[in-house]
Structure formats: structure tokens, C-alpha cells
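A.B. asks: Input file: start22.cif. Contents: mmCIF, C-alpha atoms.
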data_target
#
loop_
_atom_site.label_atom_id
_atom_site.label_comp_id
_atom_site.auth_asym_id
_atom_site.auth_seq_id
_atom_site.Cartn_x
_atom_site.Cartn_y
_atom_site.Cartn_z
CA MET J 1 10.11 -21.84 2.59
CA GLY J 2 8.34 -19.94 5.34
CA GLN J 3 6.32 -16.74 5.06
CA ILE J 4 6.14 -13.79 7.44
CA HIS J 5 3.29 -11.32 6.98
CA LEU J 6 4.11 -7.95 8.59
CA VAL J 7 0.81 -6.11 9.10
CA ARG J 8 0.72 -2.42 9.83
CA HIS J 9 -2.05 -1.70 12.33
CA GLY J 10 -5.34 -0.16 11.25
CA GLN J 11 -5.86 3.59 11.47
CA ALA J 12 -5.25 4.77 15.03
CA SER J 13 -6.84 7.70 16.87
CA PHE J 14 -4.56 10.59 15.95
CA GLY J 15 -5.72 13.83 17.53
CA SER J 16 -7.38 12.12 20.48
CA ALA J 17 -6.14 11.89 24.06
CA ASN J 18 -5.03 8.29 23.45
CA TYR J 19 -3.50 7.65 20.04
CA ASP J 20 -2.98 3.97 20.83
CA GLN J 21 -6.54 2.97 19.96
CA LEU J 22 -7.98 2.06 16.59
CA SER J 23 -10.47 4.45 15.04
CA THR J 24 -13.78 3.15 13.70
CA LEU J 25 -12.19 3.04 10.25
CA GLY J 26 -9.15 1.26 11.71
CA TYR J 27 -11.36 -1.58 12.93
CA GLU J 28 -13.01 -1.82 9.52
CA GLN J 29 -9.65 -1.90 7.73
CA SER J 30 -8.56 -4.74 10.01
CA ARG J 31 -11.76 -6.70 9.32
CA LEU J 32 -11.31 -6.26 5.57
CA LEU J 33 -7.81 -7.68 5.83
CA GLY J 34 -9.20 -10.68 7.68
CA GLN J 35 -11.90 -11.18 5.06
CA TRP J 36 -9.23 -11.12 2.35
CA TYR J 37 -7.18 -13.76 4.17
CA ALA J 38 -10.31 -15.87 4.70
CA SER J 39 -11.19 -15.70 0.99
CA ARG J 40 -7.70 -16.99 0.17
CA LYS J 41 -7.88 -19.68 2.88
CA GLN J 42 -4.59 -18.37 4.23
CA THR J 43 -3.35 -20.42 7.17
CA PHE J 44 -1.08 -19.19 9.94
CA GLN J 45 0.94 -21.36 12.28
CA ARG J 46 2.11 -18.41 14.41
CA VAL J 47 0.49 -15.13 15.43
CA ILE J 48 2.81 -12.45 16.86
CA VAL J 49 1.37 -9.27 18.39
CA GLY J 50 3.59 -6.24 18.97
CA GLY J 51 3.63 -4.27 22.18
CA MET J 52 0.90 -1.71 21.46
CA GLU J 53 -2.82 -1.77 22.15
CA ARG J 54 -3.54 -0.91 18.51
CA HIS J 55 -1.59 -4.00 17.45
CA GLN J 56 -3.77 -6.21 19.65
CA GLN J 57 -6.96 -4.55 18.41
CA THR J 58 -5.90 -5.01 14.78
CA ALA J 59 -5.11 -8.67 15.41
CA ASP J 60 -8.44 -9.27 17.18
CA ALA J 61 -10.51 -7.63 14.43
CA CYS J 62 -8.57 -9.19 11.57
CA LEU J 63 -8.31 -12.77 12.77
CA ALA J 64 -11.92 -12.87 13.99
CA GLU J 65 -12.81 -13.04 10.26
CA LEU J 66 -10.83 -16.27 9.75
CA PRO J 67 -12.17 -19.75 10.50
CA LYS J 68 -10.43 -21.28 13.52
CA THR J 69 -9.11 -24.03 11.28
CA LEU J 70 -6.81 -21.48 9.62
CA LEU J 71 -5.28 -20.31 12.90
CA PRO J 72 -2.89 -21.92 15.39
CA GLU J 73 -4.18 -23.58 18.51
CA GLY J 74 -3.20 -22.04 21.83
CA GLU J 75 -2.16 -18.55 22.84
CA TRP J 76 -0.87 -15.93 20.47
CA GLN J 77 2.65 -14.74 21.14
CA HIS J 78 3.42 -11.18 22.25
CA ASP J 79 6.75 -9.58 21.42
CA ALA J 80 7.40 -5.98 22.46
CA GLY J 81 10.34 -5.97 20.06
CA PHE J 82 7.76 -5.20 17.37
CA ALA J 83 6.42 -2.15 19.26
CA GLU J 84 6.65 1.25 17.57
CA PHE J 85 9.11 3.92 18.66
CA ASP J 86 7.72 6.55 21.02
CA HIS J 87 6.40 8.97 18.40
CA HIS J 88 4.89 11.17 21.13
CA GLN J 89 8.27 11.71 22.76
CA VAL J 90 9.96 12.22 19.38
CA MET J 91 7.43 14.91 18.45
CA LEU J 92 7.52 16.53 21.87
CA ARG J 93 11.30 16.94 21.89
CA HIS J 94 11.12 18.78 18.57
CA CYS J 95 7.86 20.64 19.13
CA PRO J 96 6.96 21.31 22.81
CA GLU J 97 3.49 22.52 21.74
CA PHE J 98 2.69 18.87 21.00
CA GLY J 99 2.36 18.36 24.76
CA ASP J 100 -0.86 20.41 24.74
CA LEU J 101 -3.17 18.86 22.17
CA ALA J 102 -5.52 21.84 21.99
CA MET J 103 -2.60 24.26 21.53
CA PHE J 104 -1.05 22.00 18.92
CA LYS J 105 -4.29 21.83 16.91
CA GLN J 106 -4.59 25.62 17.03
CA MET J 107 -1.00 25.93 15.80
CA LEU J 108 -1.72 23.61 12.85
CA ALA J 109 -4.99 25.40 12.07
CA ARG J 110 -3.06 28.60 11.36
CA HIS J 111 -1.45 26.91 8.37
CA GLU J 112 -3.11 26.94 4.97
CA GLN J 113 -2.53 23.17 4.72
CA PRO J 114 -2.60 21.73 8.27
CA GLN J 115 -1.93 18.15 7.13
CA ARG J 116 1.14 19.23 5.19
CA ALA J 117 2.34 21.26 8.19
CA LEU J 118 1.95 18.19 10.40
CA GLU J 119 3.94 16.11 7.95
CA HIS J 120 6.78 18.64 7.90
CA LEU J 121 6.84 18.74 11.71
CA PHE J 122 6.92 14.96 12.01
CA ARG J 123 9.66 14.62 9.40
CA ALA J 124 11.78 17.18 11.24
CA ALA J 125 11.13 15.47 14.58
CA VAL J 126 12.15 12.06 13.24
CA GLN J 127 15.20 13.55 11.54
CA ARG J 128 16.26 15.07 14.87
CA TRP J 129 15.83 11.69 16.56
CA MET J 130 17.78 9.86 13.86
CA SER J 131 20.61 12.39 13.71
CA GLY J 132 22.33 11.12 16.86
CA TRP J 133 23.03 14.67 17.99
CA HIS J 134 20.38 14.63 20.72
CA ASP J 135 20.42 11.04 21.96
CA ASP J 136 20.28 12.09 25.61
CA ASP J 137 16.81 13.54 24.96
CA TYR J 138 15.23 10.16 24.17
CA SER J 139 14.45 7.08 26.21
CA GLU J 140 15.19 4.97 23.10
CA THR J 141 17.66 6.19 20.51
CA TRP J 142 17.39 5.46 16.81
CA PRO J 143 20.25 2.89 16.88
CA ALA J 144 18.63 1.18 19.88
CA PHE J 145 15.29 1.03 18.06
CA ARG J 146 16.95 -0.50 15.01
CA ARG J 147 18.68 -3.15 17.13
CA ARG J 148 15.41 -3.98 18.91
CA THR J 149 13.38 -4.45 15.74
CA ILE J 150 16.07 -6.48 13.96
CA ALA J 151 16.43 -8.71 17.03
CA ALA J 152 12.65 -9.25 17.01
CA LEU J 153 12.79 -10.37 13.37
CA GLU J 154 15.70 -12.69 14.07
CA ARG J 155 13.71 -14.32 16.86
CA LEU J 156 11.33 -15.54 14.15
CA ASP J 157 14.11 -17.66 12.70
CA GLY J 158 14.66 -21.23 13.82
CA ASN J 159 12.40 -24.22 13.44
CA HIS J 160 9.69 -22.40 11.49
CA SER J 161 11.16 -22.31 7.99
CA LYS J 162 8.07 -23.94 6.44
CA GLN J 163 5.44 -22.12 8.46
CA SER J 164 3.40 -18.96 7.89
CA THR J 165 3.63 -16.27 10.56
CA ILE J 166 1.59 -13.08 10.88
CA VAL J 167 3.02 -10.16 12.86
CA PHE J 168 0.90 -7.17 13.88
CA THR J 169 3.16 -4.14 14.22
CA SER J 170 3.66 -0.52 13.10
CA GLY J 171 4.97 1.45 10.15
CA GLY J 172 8.23 2.51 11.79
CA VAL J 173 9.09 -1.09 12.57
CA ILE J 174 8.30 -2.28 9.05
CA ALA J 175 10.27 0.54 7.42
CA THR J 176 13.25 -0.15 9.67
CA LEU J 177 13.19 -3.85 8.82
CA MET J 178 13.08 -2.93 5.13
CA GLN J 179 16.18 -0.81 5.68
CA HIS J 180 17.89 -3.81 7.24
CA LEU J 181 16.91 -6.21 4.46
CA LEU J 182 17.30 -3.89 1.47
CA GLY J 183 20.24 -1.73 2.56
CA LEU J 184 18.33 1.56 2.63
CA GLN J 185 19.57 4.87 4.01
CA ASP J 186 18.07 6.51 7.10
CA TYR J 187 16.26 9.16 5.08
CA GLN J 188 14.60 6.41 3.02
CA VAL J 189 13.22 4.87 6.22
CA MET J 190 11.60 8.21 7.03
CA GLU J 191 10.14 8.47 3.51
CA MET J 192 8.81 4.91 3.65
CA MET J 193 7.00 5.56 6.94
CA TRP J 194 4.74 8.01 5.11
CA THR J 195 3.87 5.58 2.32
CA LEU J 196 2.83 2.55 4.39
CA VAL J 197 -0.94 2.17 4.38
CA ASN J 198 -2.93 1.26 7.47
CA ALA J 199 -3.69 -2.49 7.52
CA SER J 200 -1.27 -3.07 4.64
CA VAL J 201 0.81 -6.25 4.42
CA THR J 202 4.53 -6.60 3.77
CA LYS J 203 5.48 -10.22 3.09
CA LEU J 204 8.86 -11.78 3.79
CA LEU J 205 10.12 -15.17 2.67
CA GLN J 206 12.09 -17.14 5.23
CA ARG J 207 14.79 -19.75 4.99
CA PRO J 208 16.92 -20.78 7.98
CA GLY J 209 19.16 -17.81 8.74
CA GLU J 210 17.81 -15.76 5.81
CA PHE J 211 14.94 -13.36 5.16
CA SER J 212 14.00 -11.78 1.83
CA VAL J 213 11.26 -9.38 0.72
CA SER J 214 8.44 -10.86 -1.37
CA TYR J 215 6.27 -7.73 -1.53
CA LEU J 216 5.93 -4.42 0.27
CA ASN J 217 2.90 -2.39 1.38
CA ASN J 218 0.16 -4.45 -0.27
CA TYR J 219 -3.29 -2.95 0.34
CA SER J 220 -5.22 -4.37 -2.62
CA HIS J 221 -7.66 -5.92 -0.13
CA LEU J 222 -8.73 -2.42 0.97
CA GLU J 223 -9.19 -1.25 -2.61
CA TRP J 224 -11.06 -4.45 -3.52
CA LEU J 225 -13.39 -4.76 -0.53
CA GLY J 226 -13.63 -1.26 0.92
CA PRO J 227 -15.51 1.85 -0.20
CA PRO J 228 -13.68 5.04 -1.25
CA GLY J 229 -11.77 6.49 1.67
CA THR J 230 -10.75 3.14 3.12
CA VAL J 231 -7.07 3.63 2.22
CA THR J 232 -5.34 5.83 4.82
CA TYR J 233 -1.74 6.57 5.75
CA ARG J 234 -2.06 8.12 9.25
#
Take the structure from the file and write it as C-alpha cells.
C.D. replies:
Amino acid sequence: MGQIHLVRHGQASFGSANYDQLSTLGYEQSRLLGQWYASRKQTFQRVIVGGMERHQQTADACLAELPKTLLPEGEWQHDAGFAEFDHHQVMLRHCPEFGDLAMFKQMLARHEQPQRALEHLFRAAVQRWMSGWHDDDYSETWPAFRRRTIAALERLDGNHSKQSTIVFTSGGVIATLMQHLLGLQDYQVMEMMWTLVNASVTKLLQRPGEFSVSYLNNYSHLEWLGPPGTVTYR
């Protein structure tokens, strides 16, 4: 039986000009994950990196902690099918102020609970995207995103049923794959996105033509090795 470890990237740089970069904490979260794997002598026969810079940075920081004997020889594979949906476009279509970062921060600052206000805005933006009523507004629709991520998972099938694979990806991808495997509703995908911890691991078991969920959103390595404040969701 094979194993597939879906890793959500470390904390990215929300609020900066380029979100697609790990924060200082994001690098540390990724290193802690690597240290946890090293302590367990976890081997990987395949490394898959999604299509974002933060995926590559998470992979680099994490796997640098593992002895080379635990990793495959040769190049890591890159698969843009595991890239996140365009959250910037999704937010912008719902909230045009998001296009001006300074204006957007001022708008949030007027709320008594800015983080809660941001969460409500993002939920509404994702709901608009998923509704299907505004598909012409998006370069990638929700159904197209689902097809892309499921196809990426299915590409991991084949002659690897006894191997361990690690995939560095994003929360939206992982939540969508959980929907596919567990039969969840669209609104549950949106709820799950908010619960997935940075640098958490979701593990799948693999048989030829079949995937099943072993565990979801494991971040015990961050609680075990990291100081308070290491567990983040954004």
C-alpha cells in the first residue's frame, strides 16, 4: 500500500505586495515538519511540488532537514495541477478594494475585529466563485479547479502503489481533494479551508485505482517542536 503526504505550505506573506512567499514563521514551520520526518526516518520515493513559489520554498526548507538517504535520487517533479486557485482574483471580483492593498487595510482597520472581517469577506468571495453565477468573471471556474486538482491526484496512480510520495500544495487543493474522496458539499470545502494549518499533513493511502484518507490536517509536529504561536491558519 502506498502513502501520499499532502503538505499545506508554510505561512505565506499575507498583507505584503507578494503573497506567494513564505514568511519567516513559514520557513520555520517547514523546517519543523522536516525535523519531524527525519526523527521518524520517513522515506519518500517521490517528491511533487505544486505550481507556486511558496510550495517550492516549503519543500526546500522541509526536505533540507532530511538525510539524503531518505529522499529520491534525481529531480523533484513539478505539477501545476496542485497549484492553488487564484485567491487574489477571487477576492478582487467580490471586493474591488482588494486591488489597493493600503486601501484594503484601511477598510479592515475600521472594523472592531479586522481578522473576522477578513474571514467574512473571503468566505463571501469564495462563495461567489463557487456559485457558478459569475463564471465569466474568473480565469478558472470552480468546476475547472476541481477537475484540475482531481486529475493531478489521479496522475499519482500507476506503478507507485508501494511507494511514499510527498506533495507540497495549498489548502484549497487539499480541501477539494477531501471533497472528492469523502463526498463533501461545496460549503464544507470552504469551511475546511479555514481549518487547515500551515505546514500540516494530510495522509492518503493508495492502492491501484483507489485512494483513501488515513488522516487529515495533522500538525502535532508543530505543537511538539515549536514554541507557542507556531500553529497558524493564514
A.B. asks: Which value, in Å to one decimal, gives the distance between CA of Ala124 (chain J) and CA of Leu177 (chain J)?
C.D. replies: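 Straight-line distance from CA of Ala124 (chain J) to CA of Leu177 (chain J) works out to 21.2 Å.
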A.B. asks: Starting from the PyMOL selection byres ((chain J and resi 99-106) around 12), expand the selection into actual residues of this file and give them as a CSV table (one decimal) with C-alpha atoms, in the coordinates of the input.
C.D. replies:
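Final output, expr-v4.csv:
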chain,number,residue,atom,x,y,z
J,14,PHE,CA,-4.6,10.6,16.0
J,15,GLY,CA,-5.7,13.8,17.5
J,16,SER,CA,-7.4,12.1,20.5
J,17,ALA,CA,-6.1,11.9,24.1
J,18,ASN,CA,-5.0,8.3,23.4
J,19,TYR,CA,-3.5,7.6,20.0
J,88,HIS,CA,4.9,11.2,21.1
J,89,GLN,CA,8.3,11.7,22.8
J,90,VAL,CA,10.0,12.2,19.4
J,91,MET,CA,7.4,14.9,18.4
J,92,LEU,CA,7.5,16.5,21.9
J,93,ARG,CA,11.3,16.9,21.9
J,94,HIS,CA,11.1,18.8,18.6
J,95,CYS,CA,7.9,20.6,19.1
J,96,PRO,CA,7.0,21.3,22.8
J,97,GLU,CA,3.5,22.5,21.7
J,98,PHE,CA,2.7,18.9,21.0
J,107,MET,CA,-1.0,25.9,15.8
J,108,LEU,CA,-1.7,23.6,12.8
J,109,ALA,CA,-5.0,25.4,12.1
J,110,ARG,CA,-3.1,28.6,11.4
J,111,HIS,CA,-1.4,26.9,8.4
J,114,PRO,CA,-2.6,21.7,8.3
J,115,GLN,CA,-1.9,18.2,7.1
J,117,ALA,CA,2.3,21.3,8.2
J,118,LEU,CA,2.0,18.2,10.4
J,121,LEU,CA,6.8,18.7,11.7
A.B. asks: Any idea what's packed within 12 Å of Glu119 (chain J), counting only C-alpha atoms, ignoring anything in its chain fewer than 5 positions away? Could you give it as a short mmCIF file (atom, residue, chain, number, x, y, z; two decimals) with C-alpha atoms, in the frame of the given file?
C.D. replies:
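Here's the written file out30.cif:
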data_model
loop_
_atom_site.label_atom_id
_atom_site.label_comp_id
_atom_site.auth_asym_id
_atom_site.auth_seq_id
_atom_site.Cartn_x
_atom_site.Cartn_y
_atom_site.Cartn_z
CA MET J 91 7.43 14.91 18.45
CA LEU J 108 -1.72 23.61 12.85
CA GLN J 113 -2.53 23.17 4.72
CA PRO J 114 -2.60 21.73 8.27
CA ALA J 124 11.78 17.18 11.24
CA ALA J 125 11.13 15.47 14.58
CA VAL J 126 12.15 12.06 13.24
CA MET J 190 11.60 8.21 7.03
CA GLU J 191 10.14 8.47 3.51
CA MET J 193 7.00 5.56 6.94
CA TRP J 194 4.74 8.01 5.11
CA THR J 195 3.87 5.58 2.32
CA TYR J 233 -1.74 6.57 5.75
CA ARG J 234 -2.06 8.12 9.25
#
A.B. asks: Do you know which residues the PyMOL selection byres ((chain J and resi 21) around 9) returns on this file, as a PyMOL selection string?
C.D. replies: chain J and resi 11-14+18-20+22-23+26+52-55+57
A.B. asks: Which neighbours of Leu70 (chain J) fall inside 8 Å, counting only C-alpha atoms, when residues of the same chain fewer than 6 positions from it are skipped, and could you give them as JSON, numbers by chain?
C.D. replies: {"J": [41, 42, 43, 44]}
A.B. asks: How many Å separate CA of Asn217 (chain J) from CA of Leu33 (chain J)?
C.D. replies: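 Between these atoms lies a distance of 12.7 Å.
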A.B. asks: Taking 2 positions as the minimum chain separation for residues in the same chain, which residues sit within 9 Å of region 218-224 of chain J when counting only C-alpha atoms? Answer as a VMD selection string.
C.D. replies: chain J and resid 29 32 to 33 35 to 37 196 to 203 215 to 216 226 to 228 230 to 231
A.B. asks: Just the number, please: distance in Å from CA of Trp133 (chain J) to CA of Val173 (chain J), one decimal.
C.D. replies: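 Between CA of Trp133 (chain J) and CA of Val173 (chain J) the gap works out to 21.7 Å.
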A.B. asks: When you count only C-alpha atoms, which of these residues is closest to Ser214 (chain J): J:Leu156, J:Lys68, J:Gly50, J:Leu182?
C.D. replies: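 Closest candidate: J:Leu182.
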A.B. asks: Between J:His180, J:His134, J:Arg31, J:Arg8, which one has atoms that come closest to Arg148 (chain J), using all atoms listed in the file?
C.D. replies: J:His180
